[in-house]
There are 2 protein chains.
Amino acid sequence: MPRPRSLSTSALAVAALTVIDRDGLGALSMRAVAAELGMATMSLYRYVTDREQLEGLVVDLVLSEVDIEPPPGLQWREQVTVMVDRVRTAVGGHPEVVPLTMTHRHTSVSLLRWTEALLRVLTQAGFAGERRVLALRAVLSHTVGSLQLQYLGPLAGAGTASMAALSPGDYPLLAETARTARRVPPDEEFQHGMAALLSGLTP
Amino acid sequence: MPRPRSLSTSALAVAALTVIDRDGLGALSMRAVAAELGMATMSLYRYVTDREQLEGLVVDLVLSEVDIEPPPGLQWREQVTVMVDRVRTAVGGHPEVVPLTMTHRHTSVSLLRWTEALLRVLTQAGFAGERRVLALRAVLSHTVGSLQLQYLGPLAGAGTASMAALSPGDYPLLAETARTARRVPPDEEFQHGMAALLSGLTP
DNA sequence: GCTCGTAAGCGTGCGATGTACGCTTACGAG
DNA sequence: CTCGTAAGCGTACATCGCACGCTTACGAGC
């Protein structure tokens, strides 16, 4: 009987993500999203109680495209690596939302589902009780840390460049390492770290 | 000959950190810091060009208290663990600044010095070239990720509690894991993950 | 001790943001 | 055709970072 809604929360999320991808995270505002949708600013609050909640929707939208199913026929370490890499890829497709994924990690249903699937892999591998908790947190730490380092460095790579240049007499090792680091692709960094971590985890 | 300055940048940093520790990161504003110092808002800009720069000062202040010297007489893995733990401890003393440490990580001189010292340990252990880059990034990833998980979960632990409660039929493993997780202290989580990671890293 | 150039410190004001509040308006069941 | 309901909108406000230009305290030189 009442007037029907003309939008959905996911339409809001899409609009917000569009703004972010086009103009950067700093340009995300209720007014900008409303403009993107051709609505008045305050209309958004019929769908969302908060800017906070809108950000959560964006994070869940980005994460919703990661495949949850563990790749079959692989060892558990490879399964975990693939699953984490899917998150990395999905988030990497929208680098500007990385800070949001950090803040709203725990409210995303998609990420809850992904975590549940990851726990299934670990359980299958023989992890249980405290050891499973420790394994999960270790994997999550590395995942979160990798994303942070890769995308929230000073403008993603310009920082290692500046470090390589700015450290002449002091920081000799840092300067050399930064110079070498420019030849190491992020994917290799991630894979190497993940392999090291997983080799040290056993059920 | 000109009028002498009455403050220093580190006095600004102390005032800002005081505000943050007392009223939370959300209460950090140029006006609040000025009030804390008994100055007018715009006076701060004689010492700092930006709010951004002020945040950087806070981060460096927090990080400036970490001991840079590698603990002598230990294996390199233990040295690395201790050094990372010092950062964890320093940052943990001011949980509200954690988000700032993520954003301003690369501008902190204290952290640069710490990183240089960490690289000395790795070099001493035999790491060089690309392998040293990979080892450093892996350690940093885990460090950053641990901080993020420990302090930027939903209000530091209330999130695992809510997850343990909110997941009845769906997410059975997540619910059980969250319940178990409440019995695992953060320090143990960190130590375990770090040990796993380091055991997989070799020069 | 007086003068005066320099930069410290301050006050006002602007544009942008999130959102509270109440009005108007479109829908569709009866 | 009517009319209750909730959608959508407009106005307004507190707060933020900061631009700009004025005022004021210092201390070197005479």
# chains A, B, ... in the order shown; residues from 1 in each chain; ligands from 1
call {"tool": "closest_atom_pairs", "arguments": {"of": "chain B", "to": "chain C", "cutoff": "12 Å", "atoms": "only C-alpha atoms (C1' of nucleotides)", "output": "Markdown table"}}
result
| residue | atom | partner | partner_atom | distance |
| --- | --- | --- | --- | --- |
| B:Met1 | CA | C:DT6 | C1' | 6.8 |
| B:Pro2 | CA | C:DT6 | C1' | 4.5 |
| B:Arg3 | CA | C:DA7 | C1' | 6.0 |
| B:Pro4 | CA | C:DA8 | C1' | 7.1 |
| B:Arg5 | CA | C:DA8 | C1' | 6.5 |
| B:Ser6 | CA | C:DA8 | C1' | 8.3 |
| B:Leu7 | CA | C:DA8 | C1' | 10.3 |
| B:Ala34 | CA | C:DG9 | C1' | 11.8 |
| B:Gly38 | CA | C:DG9 | C1' | 11.6 |
| B:Met39 | CA | C:DG9 | C1' | 8.2 |
| B:Ala40 | CA | C:DC10 | C1' | 6.2 |
| B:Thr41 | CA | C:DC10 | C1' | 8.4 |
| B:Met42 | CA | C:DC10 | C1' | 7.1 |
| B:Ser43 | CA | C:DG9 | C1' | 5.6 |
| B:Leu44 | CA | C:DG9 | C1' | 9.2 |
| B:Tyr45 | CA | C:DG9 | C1' | 10.0 |
| B:Arg46 | CA | C:DA8 | C1' | 7.7 |
| B:Tyr47 | CA | C:DA8 | C1' | 10.3 |
call {"tool": "residues_around", "arguments": {"residues": "D:DC16", "least_positions_apart": "2", "cutoff": "10 Å", "atoms": "only C-alpha atoms (C1' of nucleotides)", "output": "PyMOL selection string"}}
result
(chain B and resi 29-31) or (chain C and resi 16-17) or (chain D and resi 14+18)
call {"tool": "interface_residues", "arguments": {"of": "chain D", "to": "chain B", "cutoff": "7 Å", "atoms": "only C-alpha atoms (C1' of nucleotides)", "output": "ChimeraX atom specification"}}
result
/D:25-28
call {"tool": "write_last_selection", "arguments": {"atoms": "N, CA and C atoms (P, O5', C5', C4', C3', O3' and C1' of nucleotides)", "output": "PDB file, in the first residue's frame"}}
result
ATOM      1  P    DA D  25      51.715  41.745  23.282  1.00  0.00           P
ATOM      2  O5'  DA D  25      53.104  41.008  23.441  1.00  0.00           O
ATOM      3  C5'  DA D  25      53.126  39.597  23.359  1.00  0.00           C
ATOM      4  C4'  DA D  25      54.459  39.148  22.801  1.00  0.00           C
ATOM      5  C3'  DA D  25      55.667  39.618  23.612  1.00  0.00           C
ATOM      6  O3'  DA D  25      56.466  38.490  23.871  1.00  0.00           O
ATOM      7  C1'  DA D  25      55.949  40.149  21.319  1.00  0.00           C
ATOM      8  P    DC D  26      57.550  38.554  25.052  1.00  0.00           P
ATOM      9  O5'  DC D  26      58.937  38.614  24.279  1.00  0.00           O
ATOM     10  C5'  DC D  26      59.279  37.493  23.492  1.00  0.00           C
ATOM     11  C4'  DC D  26      60.145  37.969  22.345  1.00  0.00           C
ATOM     12  C3'  DC D  26      61.538  38.444  22.743  1.00  0.00           C
ATOM     13  O3'  DC D  26      62.435  37.366  22.542  1.00  0.00           O
ATOM     14  C1'  DC D  26      60.578  39.667  20.911  1.00  0.00           C
ATOM     15  P    DG D  27      63.799  37.213  23.404  1.00  0.00           P
ATOM     16  O5'  DG D  27      64.808  38.086  22.544  1.00  0.00           O
ATOM     17  C5'  DG D  27      65.044  37.731  21.191  1.00  0.00           C
ATOM     18  C4'  DG D  27      65.778  38.856  20.486  1.00  0.00           C
ATOM     19  C3'  DG D  27      66.956  39.452  21.280  1.00  0.00           C
ATOM     20  O3'  DG D  27      67.957  39.810  20.363  1.00  0.00           O
ATOM     21  C1'  DG D  27      65.489  41.146  20.748  1.00  0.00           C
ATOM     22  P    DA D  28      69.478  39.247  20.518  1.00  0.00           P
ATOM     23  O5'  DA D  28      70.243  39.879  19.255  1.00  0.00           O
ATOM     24  C5'  DA D  28      69.781  39.560  17.949  1.00  0.00           C
ATOM     25  C4'  DA D  28      69.907  40.772  17.031  1.00  0.00           C
ATOM     26  C3'  DA D  28      71.226  41.528  17.144  1.00  0.00           C
ATOM     27  O3'  DA D  28      71.599  41.984  15.843  1.00  0.00           O
ATOM     28  C1'  DA D  28      69.439  42.992  17.680  1.00  0.00           C
TER      29       DA D  28
END
call {"tool": "interface_residues", "arguments": {"of": "chain B", "to": "chain A", "cutoff": "7 Å", "atoms": "only C-alpha atoms", "output": "MDAnalysis selection string"}}
result
chainID B and resid 103 106 116 119 129:130 133:134 138 141:142 144:146 149 152:154 171 173:174 177 180:181 189 192:193 196:197 199:201
call {"tool": "write_last_selection", "arguments": {"atoms": "C-alpha atoms", "output": "PDB file, in the first residue's frame"}}
result
ATOM      1  CA  THR B 103      48.371   5.415   7.128  1.00  0.00           C
ATOM      2  CA  HIS B 106      56.172   5.127   5.821  1.00  0.00           C
ATOM      3  CA  GLU B 116      67.069  -0.565   9.170  1.00  0.00           C
ATOM      4  CA  LEU B 119      67.452  -5.481   8.061  1.00  0.00           C
ATOM      5  CA  GLY B 129      69.181  -9.539  -2.407  1.00  0.00           C
ATOM      6  CA  GLU B 130      65.688 -10.645  -3.262  1.00  0.00           C
ATOM      7  CA  VAL B 133      63.294  -8.236   0.427  1.00  0.00           C
ATOM      8  CA  LEU B 134      60.936 -11.170   0.634  1.00  0.00           C
ATOM      9  CA  ALA B 138      56.758 -11.149   5.029  1.00  0.00           C
ATOM     10  CA  SER B 141      52.969  -8.140   6.600  1.00  0.00           C
ATOM     11  CA  HIS B 142      52.536 -10.305   9.628  1.00  0.00           C
ATOM     12  CA  VAL B 144      50.829  -5.060  10.293  1.00  0.00           C
ATOM     13  CA  GLY B 145      48.206  -7.762  10.004  1.00  0.00           C
ATOM     14  CA  SER B 146      48.492  -8.736  13.638  1.00  0.00           C
ATOM     15  CA  LEU B 149      43.404  -7.934  13.723  1.00  0.00           C
ATOM     16  CA  LEU B 152      40.825  -3.027  14.661  1.00  0.00           C
ATOM     17  CA  GLY B 153      38.514  -5.914  15.081  1.00  0.00           C
ATOM     18  CA  PRO B 154      35.059  -4.720  16.086  1.00  0.00           C
ATOM     19  CA  TYR B 171      28.674 -20.588  10.001  1.00  0.00           C
ATOM     20  CA  LEU B 173      32.717 -23.583  12.284  1.00  0.00           C
ATOM     21  CA  LEU B 174      32.977 -19.821  12.569  1.00  0.00           C
ATOM     22  CA  THR B 177      36.118 -21.015  16.350  1.00  0.00           C
ATOM     23  CA  THR B 180      37.396 -20.999  21.228  1.00  0.00           C
ATOM     24  CA  ALA B 181      39.201 -17.837  20.188  1.00  0.00           C
ATOM     25  CA  GLU B 189      48.256 -15.688  18.631  1.00  0.00           C
ATOM     26  CA  HIS B 192      52.437 -18.603  17.173  1.00  0.00           C
ATOM     27  CA  GLY B 193      51.937 -16.905  13.831  1.00  0.00           C
ATOM     28  CA  ALA B 196      55.250 -20.325  11.926  1.00  0.00           C
ATOM     29  CA  LEU B 197      56.244 -17.636   9.488  1.00  0.00           C
ATOM     30  CA  SER B 199      60.294 -21.226  10.521  1.00  0.00           C
ATOM     31  CA  GLY B 200      59.447 -21.056   6.839  1.00  0.00           C
ATOM     32  CA  LEU B 201      61.962 -18.321   6.096  1.00  0.00           C
TER      33      LEU B 201
END
call {"tool": "atom_distance", "arguments": {"atom1": "atom CA of B:Ala11", "atom2": "atom CA of B:Glu52"}}
result
16.2 Å
call {"tool": "select_by_dssp", "arguments": {"residues": "stretch 50-109 of chain B", "states": "alpha helix (DSSP H)", "output": "PyMOL selection string"}}
result
chain B and resi 51-63+76-92+98-104+109
call {"tool": "atom_distance", "arguments": {"atom1": "atom CA of A:Phe127", "atom2": "atom CA of A:Ser110"}}
result
22.9 Å
call {"tool": "closest_atom_pairs", "arguments": {"of": "stretch 4-40 of chain B", "to": "stretch 92-98 of chain B", "cutoff": "9 Å", "atoms": "only C-alpha atoms", "output": "tab-separated table"}}
result
residue	atom	partner	partner_atom	distance
B:Leu17	CA	B:Val97	CA	8.2
B:Ile20	CA	B:Glu96	CA	6.7
B:Asp21	CA	B:His94	CA	6.6
B:Gly24	CA	B:Glu96	CA	6.2
B:Leu25	CA	B:Glu96	CA	5.6
B:Gly26	CA	B:Glu96	CA	9.0
call {"tool": "write_last_selection", "arguments": {"atoms": "C-alpha atoms", "output": "PDB file, in the first residue's frame"}}
result
ATOM      1  CA  LEU B  17      48.309  12.033  21.587  1.00  0.00           C
ATOM      2  CA  ILE B  20      43.533  10.791  21.319  1.00  0.00           C
ATOM      3  CA  ASP B  21      44.216   8.732  24.419  1.00  0.00           C
ATOM      4  CA  GLY B  24      39.471   8.751  21.172  1.00  0.00           C
ATOM      5  CA  LEU B  25      40.747   9.122  17.647  1.00  0.00           C
ATOM      6  CA  GLY B  26      37.442  10.564  16.521  1.00  0.00           C
TER       7      GLY B  26
END
call {"tool": "atom_distance", "arguments": {"atom1": "atom CA of B:Gly56", "atom2": "atom CA of B:Ser108"}}
result
6.8 Å
